[in-house]
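What follows is a set of notes on a single structure, which appears directly below.
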Amino acid sequence: MIRTRFAPSPTGFLHLGNIRSALFPWAFARHHRGTFILRIEDTDQERSTPEATQAILDAMHWLGLDYDEGPYYQMQRIARYREAADDMLARGLAYRCYTTPAELDVLRASQLERGEKPRYDGRWRPERAQGMTPPEGVAPVLRFRNPDAGTVQWTDAVKGPIEIANAELDDLVIVRADGSPTYNFCVVVDDLDMGITHVIRGDDHVNNTPRQINIMRALGAEPPVYAHLPTVLTPEGEKLSKRHGARGVLQYRDDGYLPEAVVNYLARLGWAHGDAEVFSVEEFVGWFDLAGLTPSPGRFDPGKLEWLNHEHLKRMPAEAVASRLAPFLARAGIDTAGGPPLTRVVDLLRERSPTLVAMAEAAAYFYRPAVVDAAALASQLGDAGRAALRELVTEFVELDWSREAILAALKAAAARHRLKPGQVMMPLRLAVAGTPATPAIDAVLELVGRDATRARVEAALAA
Ligand code: GLU
């Protein structure tokens with residue numbers, strides 16, 4: 001049974017690169033009908049906030065990244081970490097170290113002076129501490145007794161084989177002097193307790209992995225499979241961050257992006273299935289495998305995300321788009337009651353609206369009179385144009401109100417006044433929609449309706 005987890009630290013801003021670390025373990029679990037676990041790593045009490053936790057929960061909910069277990073909170077498992085540490089101490093896998101911070105500073109300075117990498121020298125290791133009396137008044141830390149010889153090796157599912165000499169690793173502090181367990185230790189206890197089979201996470205954790213593997217092996221457990229995802233970069237090649245312009249995940253929701261499109265986009269940022277570009281969440285889950293993960297960093301491209309969003313909007317059934325669009329219309333104060341069916345407006349607008357926000361803006365004139373730019377209208381409208389529009393307002397009363405009949409009437413009016421069709425259509429756009437950029441004017445007028453069209457053209461001519 002596959003068991004994966006997303007283990008975010010709720011310490012700040014959640015951008016798309018962060019939430020991508022949830023998407024892949026989620027997809028892997030779903031593909032294999034396994035279990036996906038959410039674990040909130042909130043032991044950094046200074047930096048963890050309830051707002052950040054809420055943003056994680058909201059973003060996962062919005063994107064449909066549902067979890068089967070959790071959220072577990074590490075702060076609620078402190079007793080368990082202490083118990084595990086005591087057990088390691090009792091079994092000789094960990095030991096009390098009484099080296100004070102001041103002594104560590106001295107050690108560090110002398111190592112640097114000799115050109116060595118600063119590291120704890122193991123002076124309180126059990127075999128060396130025999131006969132040594134613990135100094136008074138010093139609260140000890142608990143250190144893991146790292147193996148001296150050999151190497152730690154694993155085959156990373158993204159990065160391939162990795163090997164680190166144990167000589168490179170010093171004895172990791174697992175419990176601080178104040179009794180609080182350290183980050184790497186909590187992760188190991190949790191990954192073991194939760195039966196995690198595949199750790200899929202950001203590659204900023206690669207350096208922690210050999211330490212975590214050593215502790216697991218000391219506890220007699222086989223480590224899970226590791227897959228370290230490459231970082232997400234900005235278009236300029238910086239690490240994606242708020243400082244470098246990244247937006248919060250939920251900002252995309254508010255800006256009118258579809259969760260399906262964001263999932264599709266994030267999936268492609270570090271994973272590929274042949275040359276598939278536009279796909280559904282179901283297809284993604286069906287195709288997902290670790291072999292498709294790419295070792296090179298992905299670059300966040302806002303234009304591509306918008307393009308994908310547009311593709312999803314174009315492909316989705318009109319009813320579905322309409323129901324997604326409704327809250328954006330409400331937010332813009334647009335009341336659709338009594339106006340044309342929203343599904344028809346969607347069908348007319350979606351070719352030209354890449355987001356729900358853009359579509360809501362463009363939909364406004366179907367439901368309420370537009371603000372007409374009188375100067376722009378006047379510049380489009382000569383005497384002949386004015387006369388053509390006046391005649392049309394009257395003709396519209398009796399006209400069969402269909403696209404075809406409307407178009408024929410517009411063309412005939414233009415011809416009668418020796419105008420090009422555009423010389424009638426453009427002023428009509430400005431008068432009825434308040435903008436020159438609309439879908440085909442005959443389709444627009446059909447949906448706006450006979451009475452509203454006549455009233456708006458009359459008002460514009462009178463202005
Ligand atoms: N809490 C860590 C982070 O947010 C992730 C740890 C892990 O996945 O092992 O970066």
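Note on naming: chains are A, B, ... as they come in the structure tokens, residues start from 1 per chain, ligands start from 1 in the order shown.
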
### Query
Which residues sit within 6 Å of ligand 1, counting only C-alpha atoms and all ligand atoms, listed as a ChimeraX atom specification?
/A:7-9,41,201

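Within the 10 Å cut-off around Asp255 in chain A, using only C-alpha atoms and omitting residues fewer than 4 positions from it on the same chain, the listed residues are Leu250, Gln251, Phe328, Thr355, Leu356, Val357 and Ala358 of chain A.
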
Same residues, C-alpha atoms, output as a tab-separated table (two decimals), in the first residue's frame:
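Just written: again30.tsv:
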chain	number	residue	atom	x	y	z
A	250	LEU	CA	-5.41	31.69	-3.40
A	251	GLN	CA	-4.73	34.87	-5.35
A	328	PHE	CA	-17.45	36.65	-10.03
A	355	THR	CA	-9.92	34.15	-16.87
A	356	LEU	CA	-13.24	34.21	-15.04
A	357	VAL	CA	-12.48	37.76	-13.94
A	358	ALA	CA	-12.01	38.86	-17.55

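Comparing the minimum interatomic distances between Ala409 in chain A and each of A:Cys186, A:Leu325, A:Val424, A:Ala55, counting only C-alpha atoms, we find that A:Val424 sits nearest.
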
### Query
Neighbours of Leu399 in chain A within 12 Å (only C-alpha atoms; same-chain residues fewer than 5 positions away dropped), as a PyMOL selection string?
chain A and resi 392-394+404-410+446+449-451+454

### Summary
If you count only C-alpha atoms, the residue of A:Glu236, A:Asp178, A:Glu311, A:Glu222 closest to Tyr265 in chain A turns out to be A:Glu311

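When only C-alpha atoms are used to measure the gap to Leu38 in chain A, the shortest distance among A:Asp190, A:Glu103, A:Glu127, A:Asp347 belongs to A:Asp190.
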
With only C-alpha atoms as the counted atoms, please give the residues lying no more than 9 Å from Gln45 in chain A, apart from itself and same-chain residues fewer than 4 positions off, as a PDB file with C-alpha atoms, in the first residue's frame.
ATOM      1  CA  THR A  11       5.587  29.657   8.418  1.00  0.00           C
ATOM      2  CA  THR A  49       0.937  30.974  12.349  1.00  0.00           C
ATOM      3  CA  MET A  75       3.030  20.181  18.135  1.00  0.00           C
TER       4      MET A  75
END

### Task
Select, from A:Val206, A:Glu83, A:Asp148, A:Leu428, the residue with the minimum atom-to-atom distance to Arg386 in chain A, counting only C-alpha atoms.
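Of the candidates, the smallest distance to Arg386 in chain A is held by A:Leu428.
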
Proximity check range 129-179 of chain A to range 214-221 of chain A, 12 Å, nearest pairs one decimal Å, only C-alpha atoms, as CSV:
residue,atom,partner,partner_atom,distance
A:Arg143,CA,A:Ile215,CA,10.8
A:Phe144,CA,A:Ile215,CA,7.4
A:Arg145,CA,A:Ile215,CA,8.7
A:Asn146,CA,A:Asn214,CA,7.0
A:Pro147,CA,A:Asn214,CA,7.7
A:Asp148,CA,A:Asn214,CA,11.1
A:Ala149,CA,A:Asn214,CA,11.9
A:Gly150,CA,A:Asn214,CA,11.3
A:Thr151,CA,A:Asn214,CA,9.7
A:Val152,CA,A:Asn214,CA,7.3
A:Gln153,CA,A:Asn214,CA,10.0
A:Trp154,CA,A:Asn214,CA,11.2
A:Ile164,CA,A:Asn214,CA,11.0
A:Ala165,CA,A:Asn214,CA,11.4
A:Asn166,CA,A:Asn214,CA,9.1
A:Leu169,CA,A:Asn214,CA,9.9
A:Asp170,CA,A:Asn214,CA,11.3
A:Asp171,CA,A:Ile215,CA,10.4
A:Leu172,CA,A:Ile215,CA,9.4
A:Val173,CA,A:Ile215,CA,11.4
A:Ile174,CA,A:Ile215,CA,9.9

### Query
Using only C-alpha atoms, which residues sit within 10 Å of Ala362 in chain A once same-chain residues fewer than 3 positions away are excluded, as a list in words?
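Answer for this query is Val345, Val346, Leu349, Arg350, Arg352, Ser353, Leu356, Val357, Ala358, Met359, Tyr365, Phe366, Ala433, Thr435, Ala437 and Thr438 of chain A.
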
### Message
For a quick check of understanding, using only C-alpha atoms, which of A:Arg368, A:Arg125, A:Arg3, A:Arg77 has the smallest distance to Gly92 in chain A?
### Response
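Checking each of A:Arg368, A:Arg125, A:Arg3, A:Arg77 against Gly92 in chain A, counting only C-alpha atoms, the winner is A:Arg125.
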
### Task
Tell me, in Å to one decimal, how far CA of Ala267 in chain A is from CA of Leu308 in chain A.
11.9 Å

### Query
Could you pull out the alpha helix (DSSP H) residues of range 6-237 of chain A from DSSP and send them as an NGL selection string?
:A and (16-31 or 50-63 or 78-90 or 101-113 or 126-129 or 183-193 or 209-218)

Keeping only C-alpha atoms, write those residues as a PDB file, in the first residue's frame.
ATOM      1  CA  LEU A  16       2.590  27.831  -6.373  1.00  0.00           C
ATOM      2  CA  GLY A  17       6.031  26.282  -5.919  1.00  0.00           C
ATOM      3  CA  ASN A  18       5.135  25.305  -2.337  1.00  0.00           C
ATOM      4  CA  ILE A  19       1.813  23.735  -3.222  1.00  0.00           C
ATOM      5  CA  ARG A  20       3.400  21.770  -6.060  1.00  0.00           C
ATOM      6  CA  SER A  21       5.050  19.742  -3.285  1.00  0.00           C
ATOM      7  CA  ALA A  22       1.539  18.611  -2.331  1.00  0.00           C
ATOM      8  CA  LEU A  23       0.414  17.852  -5.863  1.00  0.00           C
ATOM      9  CA  PHE A  24       2.906  15.122  -6.716  1.00  0.00           C
ATOM     10  CA  PRO A  25       2.595  13.010  -3.543  1.00  0.00           C
ATOM     11  CA  TRP A  26      -1.178  13.425  -3.822  1.00  0.00           C
ATOM     12  CA  ALA A  27      -1.190  12.269  -7.464  1.00  0.00           C
ATOM     13  CA  PHE A  28       1.103   9.343  -6.670  1.00  0.00           C
ATOM     14  CA  ALA A  29      -1.179   8.164  -3.866  1.00  0.00           C
ATOM     15  CA  ARG A  30      -4.296   8.598  -5.981  1.00  0.00           C
ATOM     16  CA  HIS A  31      -2.748   6.809  -8.970  1.00  0.00           C
ATOM     17  CA  PRO A  50      -2.689  29.807  12.260  1.00  0.00           C
ATOM     18  CA  GLU A  51      -3.209  31.995   9.179  1.00  0.00           C
ATOM     19  CA  ALA A  52      -0.488  30.138   7.297  1.00  0.00           C
ATOM     20  CA  THR A  53      -2.043  26.800   8.276  1.00  0.00           C
ATOM     21  CA  GLN A  54      -5.426  28.031   7.086  1.00  0.00           C
ATOM     22  CA  ALA A  55      -3.939  29.160   3.769  1.00  0.00           C
ATOM     23  CA  ILE A  56      -2.533  25.646   3.246  1.00  0.00           C
ATOM     24  CA  LEU A  57      -5.870  24.002   4.047  1.00  0.00           C
ATOM     25  CA  ASP A  58      -7.768  26.454   1.819  1.00  0.00           C
ATOM     26  CA  ALA A  59      -5.363  26.081  -1.093  1.00  0.00           C
ATOM     27  CA  MET A  60      -5.518  22.286  -0.935  1.00  0.00           C
ATOM     28  CA  HIS A  61      -9.286  22.403  -0.772  1.00  0.00           C
ATOM     29  CA  TRP A  62      -9.487  24.773  -3.731  1.00  0.00           C
ATOM     30  CA  LEU A  63      -7.185  22.600  -5.848  1.00  0.00           C
ATOM     31  CA  ILE A  78       5.722  16.223  21.141  1.00  0.00           C
ATOM     32  CA  ALA A  79       5.197  13.510  23.778  1.00  0.00           C
ATOM     33  CA  ARG A  80       5.666  10.890  21.083  1.00  0.00           C
ATOM     34  CA  TYR A  81       8.984  12.419  19.946  1.00  0.00           C
ATOM     35  CA  ARG A  82      10.230  12.513  23.543  1.00  0.00           C
ATOM     36  CA  GLU A  83       9.286   8.896  23.998  1.00  0.00           C
ATOM     37  CA  ALA A  84      11.115   7.946  20.799  1.00  0.00           C
ATOM     38  CA  ALA A  85      14.184   9.916  21.915  1.00  0.00           C
ATOM     39  CA  ASP A  86      14.184   8.271  25.356  1.00  0.00           C
ATOM     40  CA  ASP A  87      13.954   4.922  23.668  1.00  0.00           C
ATOM     41  CA  MET A  88      16.984   5.735  21.503  1.00  0.00           C
ATOM     42  CA  LEU A  89      18.894   6.854  24.566  1.00  0.00           C
ATOM     43  CA  ALA A  90      18.034   3.632  26.367  1.00  0.00           C
ATOM     44  CA  PRO A 101      27.358  26.658  23.134  1.00  0.00           C
ATOM     45  CA  ALA A 102      30.519  28.481  24.229  1.00  0.00           C
ATOM     46  CA  GLU A 103      32.578  25.301  23.872  1.00  0.00           C
ATOM     47  CA  LEU A 104      31.067  24.670  20.482  1.00  0.00           C
ATOM     48  CA  ASP A 105      32.126  28.171  19.442  1.00  0.00           C
ATOM     49  CA  VAL A 106      35.703  27.477  20.473  1.00  0.00           C
ATOM     50  CA  LEU A 107      35.662  24.140  18.648  1.00  0.00           C
ATOM     51  CA  ARG A 108      34.256  25.763  15.545  1.00  0.00           C
ATOM     52  CA  ALA A 109      36.854  28.540  15.561  1.00  0.00           C
ATOM     53  CA  SER A 110      39.752  26.102  15.878  1.00  0.00           C
ATOM     54  CA  GLN A 111      38.399  23.878  13.097  1.00  0.00           C
ATOM     55  CA  LEU A 112      37.973  26.855  10.797  1.00  0.00           C
ATOM     56  CA  GLU A 113      41.503  27.980  11.634  1.00  0.00           C
ATOM     57  CA  PRO A 126      29.467   7.058  25.087  1.00  0.00           C
ATOM     58  CA  GLU A 127      32.765   5.365  24.274  1.00  0.00           C
ATOM     59  CA  ARG A 128      34.715   8.574  24.890  1.00  0.00           C
ATOM     60  CA  ALA A 129      32.698   9.932  27.789  1.00  0.00           C
ATOM     61  CA  TYR A 183      13.041  19.143  12.984  1.00  0.00           C
ATOM     62  CA  ASN A 184      14.923  16.251  11.356  1.00  0.00           C
ATOM     63  CA  PHE A 185      14.110  13.965  14.233  1.00  0.00           C
ATOM     64  CA  CYS A 186      10.365  14.720  14.163  1.00  0.00           C
ATOM     65  CA  VAL A 187      10.290  14.021  10.442  1.00  0.00           C
ATOM     66  CA  VAL A 188      11.880  10.610  10.942  1.00  0.00           C
ATOM     67  CA  VAL A 189       9.551   9.615  13.776  1.00  0.00           C
ATOM     68  CA  ASP A 190       6.558  10.768  11.772  1.00  0.00           C
ATOM     69  CA  ASP A 191       7.552   9.148   8.513  1.00  0.00           C
ATOM     70  CA  LEU A 192       8.037   5.858  10.380  1.00  0.00           C
ATOM     71  CA  ASP A 193       4.912   6.116  12.542  1.00  0.00           C
ATOM     72  CA  THR A 209      18.000  12.872   3.770  1.00  0.00           C
ATOM     73  CA  PRO A 210      21.224  11.002   4.705  1.00  0.00           C
ATOM     74  CA  ARG A 211      20.758  12.007   8.337  1.00  0.00           C
ATOM     75  CA  GLN A 212      17.154  10.896   8.296  1.00  0.00           C
ATOM     76  CA  ILE A 213      18.082   7.594   6.643  1.00  0.00           C
ATOM     77  CA  ASN A 214      20.765   6.898   9.271  1.00  0.00           C
ATOM     78  CA  ILE A 215      18.326   7.414  12.129  1.00  0.00           C
ATOM     79  CA  MET A 216      15.745   5.198  10.447  1.00  0.00           C
ATOM     80  CA  ARG A 217      18.264   2.427   9.908  1.00  0.00           C
ATOM     81  CA  ALA A 218      19.457   2.720  13.517  1.00  0.00           C
TER      82      ALA A 218
END

### Query
Which distance in Å separates CA of Gly298 in chain A and CA of Arg243 in chain A, to one decimal?
18.1 Å

### Message
For Ala337 in chain A, find every residue with an atom within 12 Å (counting only C-alpha atoms), except residues of its own chain fewer than 5 positions away, and show them as a VMD selection string.
### Response
chain A and resid 326 329 to 330 342 366 to 368

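Proximity ranking of A:Pro354, A:Gly274, A:Gly286, A:Pro161 relative to Tyr226 in chain A places A:Pro161 first, based on only C-alpha atoms.
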